[in-house]
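Enquirer: Data: entry.cif, mmCIF, C-alpha atoms.
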```
data_run
#
loop_
_atom_site.label_atom_id
_atom_site.label_comp_id
_atom_site.auth_asym_id
_atom_site.auth_seq_id
_atom_site.Cartn_x
_atom_site.Cartn_y
_atom_site.Cartn_z
CA MET A 125 35.72 53.71 -10.00
CA LYS A 126 34.04 51.33 -7.57
CA ALA A 127 35.65 47.96 -7.16
CA ARG A 128 33.62 44.89 -8.04
CA LYS A 129 32.27 42.86 -5.20
CA VAL A 130 33.95 39.57 -4.41
CA LYS A 131 31.46 36.92 -3.40
CA GLU A 132 31.79 34.01 -0.99
CA LEU A 133 34.56 35.38 1.17
CA GLU A 134 34.84 33.56 4.49
CA PRO A 135 36.40 35.27 7.52
CA GLU A 136 36.82 31.83 9.10
CA GLY A 137 38.21 30.32 5.91
CA ALA A 138 41.83 30.06 4.80
CA LEU A 139 43.74 33.05 3.49
CA GLY A 140 44.82 31.13 0.36
CA ALA A 141 41.29 30.34 -0.84
CA ASN A 142 39.92 33.81 -0.06
CA ALA A 143 42.92 35.58 -1.58
CA GLY A 144 42.60 33.52 -4.76
CA ARG A 145 38.96 34.60 -5.14
CA ILE A 146 39.80 38.27 -4.65
CA ALA A 147 42.76 38.15 -7.05
CA ALA A 148 40.63 36.45 -9.72
CA VAL A 149 37.99 39.18 -9.57
CA ARG A 150 40.58 41.95 -9.60
CA LEU A 151 42.33 40.37 -12.59
CA GLU A 152 39.09 40.13 -14.56
CA GLU A 153 38.28 43.68 -13.60
CA LEU A 154 41.62 44.86 -14.97
CA ARG A 155 41.15 43.00 -18.24
CA SER A 156 37.58 44.22 -18.68
CA PHE A 157 38.86 47.75 -19.31
CA ALA A 158 41.12 46.67 -22.16
CA PRO A 159 38.79 47.05 -25.14
CA ARG A 160 37.99 50.67 -24.33
CA ALA A 161 41.38 51.60 -22.90
CA LEU A 162 43.09 50.60 -26.16
CA ASP A 163 41.55 53.71 -27.72
CA PRO A 164 43.86 56.66 -26.99
CA ALA A 165 40.88 59.01 -26.65
CA GLU A 166 39.37 56.94 -23.81
CA VAL A 167 41.07 58.83 -21.01
CA GLU A 168 38.62 57.63 -18.35
CA ALA A 169 38.97 53.96 -19.30
CA LEU A 170 42.75 54.29 -19.06
CA HIS A 171 42.40 55.90 -15.65
CA ASP A 172 40.05 53.12 -14.50
CA MET A 173 42.44 50.50 -15.82
CA ARG A 174 45.25 52.08 -13.79
CA ILE A 175 43.12 51.90 -10.64
CA ALA A 176 42.27 48.26 -11.44
CA ALA A 177 45.99 47.48 -11.90
CA LYS A 178 46.69 49.11 -8.54
CA ARG A 179 44.00 47.04 -6.82
CA LEU A 180 45.30 43.83 -8.35
CA ARG A 181 48.84 44.74 -7.35
CA TYR A 182 47.94 45.46 -3.74
CA VAL A 183 45.88 42.31 -3.28
CA LEU A 184 48.72 40.22 -4.71
CA GLU A 185 51.35 42.00 -2.60
CA ILE A 186 49.43 41.62 0.61
CA THR A 187 48.51 37.97 0.05
CA GLU A 188 51.79 36.89 -1.52
CA PRO A 189 52.75 34.72 1.48
CA ALA A 190 49.61 32.70 0.82
CA LEU A 191 49.61 32.73 -2.96
CA GLY A 192 53.31 32.18 -3.63
CA PRO A 193 55.72 33.19 -6.41
CA SER A 194 52.99 33.68 -9.03
CA ALA A 195 51.50 36.39 -6.85
CA ARG A 196 54.91 38.09 -6.57
CA GLN A 197 55.34 37.99 -10.35
CA GLY A 198 51.75 39.12 -10.90
CA ALA A 199 52.23 42.04 -8.50
CA LYS A 200 55.35 43.12 -10.42
CA THR A 201 53.48 42.97 -13.72
CA ALA A 202 50.56 44.93 -12.27
CA LYS A 203 52.95 47.53 -10.85
CA ARG A 204 54.68 47.96 -14.23
CA LEU A 205 51.32 48.46 -15.89
CA GLN A 206 50.13 50.80 -13.13
CA ASP A 207 53.30 52.91 -13.42
CA LEU A 208 53.03 53.21 -17.20
CA LEU A 209 49.34 54.10 -17.05
CA GLY A 210 50.23 56.56 -14.29
CA GLU A 211 52.71 58.34 -16.55
CA ILE A 212 50.02 58.61 -19.24
CA HIS A 213 47.58 59.89 -16.63
CA ASP A 214 50.07 62.55 -15.53
CA CYS A 215 50.17 63.85 -19.12
CA ASP A 216 46.36 63.78 -19.25
CA VAL A 217 46.19 65.85 -16.08
CA MET A 218 49.02 68.26 -16.92
CA LEU A 219 48.00 69.09 -20.50
CA PRO A 220 44.65 70.76 -19.69
CA ARG A 221 46.32 72.43 -16.77
CA VAL A 222 48.98 74.03 -19.01
CA ARG A 223 46.26 75.11 -21.44
CA ALA A 224 44.17 76.60 -18.63
CA HIS A 225 47.20 78.46 -17.28
CA THR A 226 48.02 79.80 -20.76
CA GLY A 227 44.39 80.87 -21.13
CA ARG A 228 44.55 82.78 -17.86
CA LEU A 229 47.75 84.57 -18.93
CA ARG A 230 46.13 85.48 -22.27
CA ALA A 231 43.05 86.86 -20.53
CA GLU A 232 45.26 88.89 -18.16
CA ASP A 233 47.26 90.25 -21.10
CA ALA A 234 44.17 91.14 -23.11
CA GLU A 235 42.80 92.96 -20.10
CA TRP A 236 46.10 94.78 -19.56
CA VAL A 237 46.38 95.84 -23.23
CA ARG A 238 42.74 96.90 -23.25
CA HIS A 239 43.29 98.95 -20.13
CA ALA A 240 46.47 100.56 -21.56
CA ALA A 241 44.51 101.76 -24.59
CA GLY A 242 42.40 103.97 -22.34
CA SER A 243 38.68 104.05 -21.73
CA ARG A 244 37.88 106.27 -24.71
CA ALA A 245 40.02 104.46 -27.37
CA LYS A 246 38.29 104.09 -30.77
CA ASP A 247 40.52 101.25 -31.96
CA LEU A 248 43.72 99.45 -30.97
CA ALA A 249 47.07 99.33 -32.80
CA PRO A 250 48.81 95.90 -32.98
CA SER A 251 51.86 97.47 -31.34
CA ALA A 252 49.85 97.70 -28.12
CA ALA A 253 50.35 93.95 -27.67
CA ARG A 254 54.11 94.46 -27.36
CA GLY A 255 53.66 95.59 -23.80
CA ALA A 256 51.63 92.55 -22.71
CA PRO A 257 53.26 91.48 -19.42
CA ASN A 258 53.04 87.72 -20.07
CA ARG A 259 54.20 87.87 -23.68
CA ALA A 260 57.49 86.09 -23.05
CA ARG A 261 55.77 83.23 -21.27
CA TYR A 262 53.72 81.73 -24.08
CA ARG A 263 56.65 80.21 -25.90
CA GLY A 264 57.70 77.98 -23.01
CA LEU A 265 54.12 76.97 -22.25
CA GLU A 266 53.50 76.05 -25.90
CA ALA A 267 56.73 74.03 -25.93
CA LEU A 268 55.55 72.27 -22.77
CA SER A 269 52.16 71.47 -24.36
CA VAL A 270 53.87 70.08 -27.44
CA TYR A 271 56.19 67.96 -25.30
CA LEU A 272 53.33 66.60 -23.15
CA SER A 273 51.17 65.74 -26.19
CA ALA A 274 54.04 63.94 -27.88
CA ARG A 275 55.11 62.13 -24.72
CA ARG A 276 51.56 60.99 -24.13
CA ALA A 277 51.46 59.52 -27.64
CA VAL A 278 54.80 57.73 -27.14
CA LEU A 279 53.72 56.30 -23.78
CA PHE A 280 50.35 55.20 -25.13
CA GLU A 281 52.00 53.32 -28.00
CA ARG A 282 54.27 51.65 -25.47
CA PHE A 283 51.24 50.70 -23.39
CA LEU A 284 49.61 49.08 -26.47
CA ARG A 285 52.77 47.07 -27.15
CA GLU A 286 53.13 45.97 -23.54
CA TRP A 287 49.46 45.07 -23.16
CA GLU A 288 49.55 43.07 -26.39
CA ALA A 289 52.64 41.24 -25.13
CA LEU A 290 50.93 40.43 -21.82
CA GLU A 291 47.78 39.17 -23.52
CA SER A 292 49.54 37.16 -26.19
CA GLY A 293 51.80 35.71 -23.49
CA GLY A 294 48.72 34.53 -21.57
CA PHE A 295 49.61 36.40 -18.40
CA ALA A 296 46.09 36.15 -16.97
CA ALA A 297 45.79 32.41 -17.46
CA ARG A 298 49.31 31.85 -16.09
CA LEU A 299 48.62 34.00 -13.07
CA MET A 300 45.38 32.16 -12.28
CA GLU A 301 47.05 28.77 -12.70
CA GLY A 302 49.87 29.88 -10.45
CA LEU A 303 47.48 31.09 -7.76
CA ASN A 304 45.74 27.73 -7.66
CA PRO A 305 47.47 25.57 -5.03
CA ASP A 306 45.75 22.39 -6.25
CA PRO A 307 46.89 21.26 -9.73
CA HIS A 308 43.86 18.95 -10.04
CA ARG A 309 41.44 21.80 -9.52
CA PRO A 310 40.61 24.15 -12.44
CA ALA A 311 41.55 27.80 -11.92
CA SER A 312 37.87 28.68 -12.46
CA ASP A 313 37.08 27.01 -9.11
CA ILE A 314 38.93 29.72 -7.22
CA GLY A 315 37.03 32.46 -8.97
CA GLY A 316 38.91 32.66 -12.26
CA SER A 317 37.22 32.07 -15.58
CA GLY A 318 40.00 30.05 -17.16
CA LEU A 319 41.17 33.23 -18.84
CA SER A 320 42.98 32.90 -22.11
CA PRO A 321 44.41 35.55 -24.45
CA SER A 322 41.46 35.20 -26.80
CA GLN A 323 38.94 35.29 -24.01
CA PRO A 324 38.96 38.69 -22.35
CA GLY A 325 36.86 39.22 -19.25
CA PRO A 326 33.49 40.92 -19.41
CA ALA A 327 33.41 44.68 -19.84
CA ALA A 328 32.94 46.57 -16.62
CA PRO A 329 29.61 48.28 -16.31
CA ALA A 330 29.87 52.04 -15.89
CA GLY A 331 30.67 52.78 -12.28
CA GLY A 332 31.59 49.16 -11.52
CA GLU A 333 29.52 46.73 -9.49
CA GLY A 334 30.33 48.05 -6.06
CA PRO A 335 27.72 49.57 -3.77
CA MET B 264 60.26 55.15 -0.76
CA ALA B 265 60.40 52.30 1.78
CA LYS B 266 59.28 48.87 0.63
CA ALA B 267 56.15 47.49 2.25
CA ARG B 268 56.98 45.45 5.32
CA GLN B 269 56.26 41.72 5.19
CA ILE B 270 53.26 40.72 7.26
CA PRO B 271 54.52 38.08 9.67
CA GLY B 272 52.96 34.66 10.08
CA LEU B 273 50.89 34.55 6.91
CA GLY B 274 50.48 31.32 4.99
CA PRO B 275 47.86 29.71 2.75
CA ASP B 276 46.10 28.14 5.73
CA THR B 277 46.10 31.20 7.99
CA ARG B 278 42.59 32.07 9.13
CA PHE B 279 41.44 34.95 6.90
CA ALA B 280 40.38 37.10 9.86
CA ASP B 281 43.79 36.61 11.55
CA ALA B 282 45.51 37.64 8.32
CA ALA B 283 43.23 40.70 8.23
CA ALA B 284 44.25 41.70 11.75
CA ALA B 285 47.96 41.23 11.06
CA ALA B 286 47.77 43.14 7.75
CA VAL B 287 45.98 46.13 9.30
CA GLU B 288 48.38 46.23 12.27
CA VAL B 289 51.48 46.25 10.04
CA ARG B 290 50.11 48.68 7.45
CA SER B 291 48.74 51.04 10.09
CA ALA B 292 52.11 51.13 11.87
CA GLU B 293 53.77 52.06 8.56
CA VAL B 294 51.39 54.98 8.02
CA PHE B 295 51.98 56.53 11.42
CA GLU B 296 55.75 55.93 11.31
CA HIS B 297 55.87 57.97 8.09
CA SER B 298 53.88 60.87 9.52
CA ALA B 299 56.94 62.51 11.11
CA GLY B 300 58.08 65.59 9.16
CA VAL B 301 55.47 65.07 6.48
CA LEU B 302 54.60 68.79 6.37
CA ASP B 303 58.15 69.73 5.34
CA SER B 304 57.71 70.69 1.68
CA ASP B 305 61.51 70.74 1.18
CA ASP B 306 61.56 66.96 1.58
CA ILE B 307 58.90 65.66 -0.76
CA GLU B 308 59.77 62.01 -0.17
CA ARG B 309 58.16 62.01 3.27
CA VAL B 310 54.71 62.87 1.99
CA HIS B 311 55.20 60.34 -0.81
CA ALA B 312 56.13 57.59 1.67
CA MET B 313 53.15 58.35 3.88
CA ARG B 314 50.79 58.48 0.91
CA VAL B 315 51.93 55.09 -0.37
CA SER B 316 51.63 53.63 3.16
CA THR B 317 48.11 55.03 3.42
CA ARG B 318 47.20 53.43 0.10
CA ARG B 319 48.51 50.10 1.33
CA LEU B 320 46.53 50.41 4.56
CA ARG B 321 43.43 51.24 2.58
CA ALA B 322 44.04 48.23 0.36
CA ALA B 323 44.33 45.99 3.44
CA LEU B 324 41.08 47.39 4.83
CA GLU B 325 39.34 46.76 1.50
CA VAL B 326 40.80 43.32 0.81
CA PHE B 327 39.86 42.04 4.27
CA ALA B 328 36.66 44.11 4.67
CA VAL B 329 34.49 41.09 5.44
CA CYS B 330 36.57 40.32 8.56
CA PHE B 331 35.87 43.58 10.36
CA GLU B 332 32.96 44.93 12.38
CA ARG B 333 31.00 46.65 9.65
CA LYS B 334 30.13 50.07 11.10
CA GLU B 335 33.53 50.81 12.59
CA HIS B 336 35.25 49.49 9.46
CA ARG B 337 33.25 51.90 7.32
CA ARG B 338 34.10 54.83 9.60
CA VAL B 339 37.80 53.98 9.75
CA LEU B 340 38.01 53.42 5.99
CA ARG B 341 36.37 56.80 5.39
CA GLU B 342 38.96 58.48 7.62
CA VAL B 343 41.85 56.68 5.95
CA LYS B 344 40.49 57.81 2.57
CA ALA B 345 40.23 61.40 3.79
CA LEU B 346 43.83 61.25 4.97
CA ALA B 347 44.88 59.75 1.61
CA ASP B 348 43.05 62.54 -0.23
CA ALA B 349 44.83 65.20 1.83
CA LEU B 350 48.18 63.53 1.16
CA GLY B 351 47.32 63.43 -2.54
CA GLU B 352 46.41 67.10 -2.56
CA ARG B 353 49.92 67.87 -1.25
CA ARG B 354 51.71 65.23 -3.31
CA ASP B 355 50.22 66.10 -6.73
CA PRO B 356 51.82 69.57 -6.93
CA ASP B 357 55.09 68.09 -5.58
CA VAL B 358 55.18 65.66 -8.51
CA ALA B 359 54.17 68.29 -11.05
CA LEU B 360 56.82 70.71 -9.79
CA GLU B 361 59.50 68.05 -10.00
CA ALA B 362 58.43 67.16 -13.54
CA LEU B 363 58.37 70.83 -14.59
CA ALA B 364 61.88 71.37 -13.22
CA GLY B 365 63.06 68.45 -15.35
CA VAL B 366 61.41 69.83 -18.49
CA ALA B 367 62.65 73.39 -17.86
CA ALA B 368 66.22 72.14 -17.53
CA GLU B 369 66.02 70.58 -21.00
CA LEU B 370 64.40 73.53 -22.82
CA THR B 371 66.00 76.81 -23.87
CA ARG B 372 66.44 79.75 -21.55
CA ALA B 373 63.74 81.69 -23.43
CA ASP B 374 61.24 78.91 -22.72
CA ARG B 375 61.81 78.92 -18.98
CA SER B 376 59.83 81.98 -17.92
CA GLY B 377 56.55 80.43 -19.06
CA ILE B 378 57.29 77.25 -17.15
CA ALA B 379 58.32 79.30 -14.12
CA SER B 380 54.91 81.03 -14.15
CA LEU B 381 53.16 77.66 -14.06
CA ALA B 382 55.52 76.49 -11.31
CA ALA B 383 54.60 79.55 -9.23
CA GLU B 384 50.94 78.60 -9.53
CA LEU B 385 51.76 75.03 -8.45
CA ARG B 386 53.73 76.26 -5.43
CA GLU B 387 50.63 78.12 -4.25
CA GLU B 388 48.67 74.91 -4.64
CA GLN B 389 51.37 73.06 -2.69
CA LYS B 390 50.99 75.55 0.18
CA ARG B 391 47.24 75.09 0.24
CA GLY B 392 47.72 71.33 0.09
CA ASN B 393 50.08 71.50 3.06
CA ALA B 394 47.55 73.51 5.07
CA HIS B 395 44.83 70.94 4.32
CA LEU B 396 47.19 68.11 5.19
CA GLU B 397 47.97 69.73 8.53
CA GLN B 398 44.23 69.84 9.27
CA ALA B 399 43.77 66.24 8.15
CA LEU B 400 46.62 65.08 10.42
CA ALA B 401 45.08 66.97 13.34
CA ARG B 402 41.71 65.31 12.69
CA THR B 403 43.43 61.92 12.57
CA ARG B 404 44.98 62.54 16.00
CA GLU B 405 41.72 63.86 17.46
CA SER B 406 39.74 60.86 16.24
CA HIS B 407 42.41 58.46 17.61
CA LEU B 408 42.53 56.74 14.25
CA GLU B 409 45.70 54.80 15.07
CA GLU B 410 44.20 53.36 18.26
CA ARG B 411 40.89 52.58 16.53
CA LEU B 412 42.69 50.72 13.76
CA ALA B 413 44.47 48.67 16.42
CA ALA B 414 41.13 47.95 18.11
CA LEU B 415 39.55 46.97 14.78
CA ALA B 416 42.37 44.50 14.17
CA ARG B 417 42.08 43.05 17.69
CA ALA B 418 38.34 42.61 17.25
CA ALA B 419 38.84 40.72 13.97
CA ARG B 420 40.82 38.12 15.94
CA SER B 421 38.26 37.81 18.73
CA ALA B 422 35.26 35.52 18.92
CA GLU B 423 32.99 38.55 19.07
CA ALA B 424 34.16 39.66 15.63
CA GLU B 425 33.70 36.11 14.36
CA ALA B 426 30.05 36.24 15.35
CA GLY B 427 29.62 39.69 13.85
CA ALA B 428 31.31 38.67 10.62
CA ALA B 429 29.10 35.59 10.37
CA ARG B 430 26.04 37.84 10.48
CA ALA B 431 27.41 40.16 7.80
CA PRO B 432 27.01 39.26 4.12
CA ALA B 433 30.15 37.48 2.92
CA THR B 434 31.25 39.85 0.19
CA GLN B 435 34.15 42.22 -0.19
CA ALA B 436 32.58 45.65 -0.42
CA GLY B 437 33.39 47.71 -3.49
CA ALA B 438 35.35 50.86 -2.91
CA ALA B 439 36.18 54.09 -4.64
CA PRO B 440 39.75 54.50 -6.00
#
```
Rewrite the coordinates I just gave you, this time as structure tokens.

Expert:
Amino acid sequence: MKARKVKELEPEGALGANAGRIAAVRLEELRSFAPRALDPAEVEALHDMRIAAKRLRYVLEITEPALGPSARQGAKTAKRLQDLLGEIHDCDVMLPRVRAHTGRLRAEDAEWVRHAAGSRAKDLAPSAARGAPNRARYRGLEALSVYLSARRAVLFERFLREWEALESGGFAARLMEGLNPDPHRPASDIGGSGLSPSQPGPAAPAGGEGP
Amino acid sequence: MAKARQIPGLGPDTRFADAAAAAVEVRSAEVFEHSAGVLDSDDIERVHAMRVSTRRLRAALEVFAVCFERKEHRRVLREVKALADALGERRDPDVALEALAGVAAELTRADRSGIASLAAELREEQKRGNAHLEQALARTRESHLEERLAALARAARSAEAEAGAARAPATQAGAAP
């Protein structure tokens, strides 16, 4: 997932102003994945949202001395979200892997049983499967698949609750207000869009806006 | 996993290009400090620490992209990404093996042989990942990545970089995860 471009960055400008612009774009980017990522089947959107949370976290961590306590709090929130989405991602990676491994064992066993029957066999008795070398392994792998599927569902429900709490608590608007060093200046001036819980950022185009 | 070191001297009014130089210097030092013993697959925390440091360095390079000489920045970023990929290739089976051990300990004895067969497959992947990481570390040494990162940071502070940055479009380039 390409990161969105941040416009109007000035190498000769102040860290605070530049960092605010970058954080605002990264925050909107994170929120833009929410509509799709709230569907448990949207594995890619969840993955992209995790990457967006990581990018927001790192920009806030690195620029915290310029952006202050809000950045520290924002980085912690982004890290919590990144970690949770990471746990879901681990299940999404491991599940197909367990299934592929089980498939390979099955194919090996079928080949072994077929071979044991001899090249001129007319049919095969069910008892032939008793000798399959991987027979004892399926049970554990099935249990692992069941565990991973169930854990994924539990973690995803937790993600929905936590995301809803962040949105209803106005985390984006609070973060942008906190990053703005000038109380007389609207947060939108530093690149934010005056984000509110009912006003999610625009959806990310496929592949992001990066080059 | 060690916490990221504070970057000294940063404040809201710090010149962006000076912050860029300081961030790359600190994050680069962290990466190379963590490279000792990283190929030891009995101590999986070392590869984890180096991977996280590499991610932080990459983030610094991306956040401050506009402050660096464009061509060299692109080359250095590509090399840091390659190193991060090699660290990930080693780290992913480490994490999976640790998770499997935790699951196996909680299941019944009869369930364990299946999980052990998957673990054996992951250990092979870990070995391959270690071999690739060894190559990636060698390439990093041969290309003098550490010294080039230091030079990139120095240039961001200099007047020459200021002129170069002024010619470059003022946007933070997008980057792959």

Enquirer: Give me, as number ranges by chain, the contact residues of chain A against chain B at a cut-off of 6 Å, counting all atoms listed in the file.

Expert: A: 125-133, 135-140, 189-190, 261-265, 334-335

Enquirer: Just the residues within 8 Å of B:Arg353, please, counting all atoms listed in the file, with nothing from its chain fewer than 2 positions along; format it as a PyMOL selection string.

Expert: chain B and resi 310+349-351+355-357+388-393+396

Enquirer: For C-alpha atoms, I'd like the residues from the last selection saved as a JSON list (two decimals), keeping the file's coordinate frame.

Expert:
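What landed in out13.json:
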```json
[["chain", "number", "residue", "atom", "x", "y", "z"],
["B", 310, "VAL", "CA", 54.71, 62.87, 1.99],
["B", 349, "ALA", "CA", 44.83, 65.20, 1.83],
["B", 350, "LEU", "CA", 48.18, 63.53, 1.16],
["B", 351, "GLY", "CA", 47.32, 63.43, -2.54],
["B", 355, "ASP", "CA", 50.22, 66.10, -6.73],
["B", 356, "PRO", "CA", 51.82, 69.57, -6.93],
["B", 357, "ASP", "CA", 55.09, 68.09, -5.58],
["B", 388, "GLU", "CA", 48.67, 74.91, -4.64],
["B", 389, "GLN", "CA", 51.37, 73.06, -2.69],
["B", 390, "LYS", "CA", 50.99, 75.55, 0.18],
["B", 391, "ARG", "CA", 47.24, 75.09, 0.24],
["B", 392, "GLY", "CA", 47.72, 71.33, 0.09],
["B", 393, "ASN", "CA", 50.08, 71.50, 3.06],
["B", 396, "LEU", "CA", 47.19, 68.11, 5.19]]
```

Enquirer: Could you check how far atom CA of A:Leu162 sits from atom CA of A:Leu284, in Å to one decimal?

Expert: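 Atom CA of A:Leu284 lies 6.7 Å from atom CA of A:Leu162.
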
Enquirer: So which residues get picked by the PyMOL selection byres ((chain A and resi 270-282) around 7) here, written as number ranges by chain?

Expert: A: 164, 212, 215, 219, 266-269, 283-286

Enquirer: If I take atom CA of B:Glu335 and atom CA of B:Glu409, how far is one from the other in Å, to one decimal?

Expert: 13.0 Å

Enquirer: Rank nothing, just name the residue among B:Leu400, B:Ala347, B:Leu360, B:Ala414 nearest to B:Asp305, using all atoms listed in the file.

Expert: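 So, comparing all the options, the nearest one is B:Leu360.
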
Enquirer: In Å to one decimal, how far is atom CA of A:Glu168 from atom CA of A:Val217?

Expert: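 So the two atoms, atom CA of A:Val217 and atom CA of A:Glu168, lie 11.4 Å apart.
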
Enquirer: Out of A:Glu152, A:Gly144, A:Ala195, A:Tyr182, which residue has the shortest atom-to-atom distance to B:Ser316 when counting all atoms listed in the file?

Expert: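 Of A:Glu152, A:Gly144, A:Ala195, A:Tyr182, the one nearest B:Ser316, counting all atoms listed in the file, is A:Tyr182.
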
Enquirer: Carefully work through the PyMOL selection byres ((chain A and resi 231-238) around 9) for this structure and note down the residues it includes, as a list in words.

Expert: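 Evaluating the PyMOL selection byres ((chain A and resi 231-238) around 9) on this file yields Thr226, Gly227, Arg228, Leu229, Arg230, His239, Ala240, Ala241, Gly242, Ser243, Leu248, Ala252, Ala253, Arg254, Gly255, Ala256, Pro257, Asn258 and Arg259 of chain A.
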
Enquirer: Output C-alpha atoms for every residue in that selection, as a PDB file, in the frame of the given file.

Expert:
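Generated output (selection.pdb):
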```
ATOM      1  CA  THR A 226      48.020  79.800 -20.760  1.00  0.00           C
ATOM      2  CA  GLY A 227      44.390  80.870 -21.130  1.00  0.00           C
ATOM      3  CA  ARG A 228      44.550  82.780 -17.860  1.00  0.00           C
ATOM      4  CA  LEU A 229      47.750  84.570 -18.930  1.00  0.00           C
ATOM      5  CA  ARG A 230      46.130  85.480 -22.270  1.00  0.00           C
ATOM      6  CA  HIS A 239      43.290  98.950 -20.130  1.00  0.00           C
ATOM      7  CA  ALA A 240      46.470 100.560 -21.560  1.00  0.00           C
ATOM      8  CA  ALA A 241      44.510 101.760 -24.590  1.00  0.00           C
ATOM      9  CA  GLY A 242      42.400 103.970 -22.340  1.00  0.00           C
ATOM     10  CA  SER A 243      38.680 104.050 -21.730  1.00  0.00           C
ATOM     11  CA  LEU A 248      43.720  99.450 -30.970  1.00  0.00           C
ATOM     12  CA  ALA A 252      49.850  97.700 -28.120  1.00  0.00           C
ATOM     13  CA  ALA A 253      50.350  93.950 -27.670  1.00  0.00           C
ATOM     14  CA  ARG A 254      54.110  94.460 -27.360  1.00  0.00           C
ATOM     15  CA  GLY A 255      53.660  95.590 -23.800  1.00  0.00           C
ATOM     16  CA  ALA A 256      51.630  92.550 -22.710  1.00  0.00           C
ATOM     17  CA  PRO A 257      53.260  91.480 -19.420  1.00  0.00           C
ATOM     18  CA  ASN A 258      53.040  87.720 -20.070  1.00  0.00           C
ATOM     19  CA  ARG A 259      54.200  87.870 -23.680  1.00  0.00           C
TER      20      ARG A 259
END
```

Enquirer: From the set B:Ala285, B:Ala382, B:Val343, B:Leu415, which residue has the shortest atom-to-atom contact distance to B:Glu361, counting only C-alpha atoms?

Expert: B:Ala382

Enquirer: The centre and edge lengths of an axis-aligned box containing all atoms of stretch 134-153 of chain A present in the file, extended by 3 Å on each side, are to be given in Å to one decimal, as lines of an AutoDock Vina configuration file.

Expert:
```
center_x = 39.8
center_y = 36.9
center_z = -2.7
size_x = 16.0
size_y = 19.6
size_z = 29.7
```

Enquirer: Counting all atoms listed in the file, what is within 8 Å of A:Ile146, bar same-chain residues fewer than 2 positions away, as JSON, numbers by chain?

Expert: {"A": [130, 142, 143, 144, 148, 149, 150, 183, 315], "B": [326]}

Enquirer: Taking the file as shown, what set of residues would the PyMOL selection byres ((chain A and resi 169) around 10) give back, as a list in words?

Expert: Met125, Ser156, Phe157, Ala158, Pro159, Arg160, Ala161, Leu162, Asp163, Pro164, Ala165, Glu166, Val167, Glu168, Leu170, His171, Asp172, Met173, Arg174, Ile175, Ala328 and Ala330 of chain A

Enquirer: With all atoms listed in the file as the atoms that count, which of B:Glu342, B:Glu296, B:Glu288, B:Glu332 lies nearest to B:Glu405?

Expert: B:Glu342

Enquirer: So which one's closest to B:Arg309, B:Arg354, B:Lys334, B:Arg411, B:Lys266? Using all atoms listed in the file, please.

Expert: B:Arg354

Enquirer: Go ahead and find all residues with at least one atom no further than 6 Å from (48.3, 46.1, -12.0) in the file's coordinates, using only C-alpha atoms; report them as JSON, numbers by chain.

Expert: {"A": [177, 178, 180, 181, 202, 203, 205, 206]}

Enquirer: Include C-alpha atoms and write out the residues we just selected as a CSV table (one decimal), in the coordinates of the input.

Expert:
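part.csv, written as the output of this step:
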```
chain,number,residue,atom,x,y,z
A,177,ALA,CA,46.0,47.5,-11.9
A,178,LYS,CA,46.7,49.1,-8.5
A,180,LEU,CA,45.3,43.8,-8.4
A,181,ARG,CA,48.8,44.7,-7.4
A,202,ALA,CA,50.6,44.9,-12.3
A,203,LYS,CA,53.0,47.5,-10.8
A,205,LEU,CA,51.3,48.5,-15.9
A,206,GLN,CA,50.1,50.8,-13.1
```

Enquirer: Counting all atoms listed in the file, which of B:Leu385, B:Leu324, B:Ala401, B:Lys344 gets nearest to B:Ala284?

Expert: B:Leu324
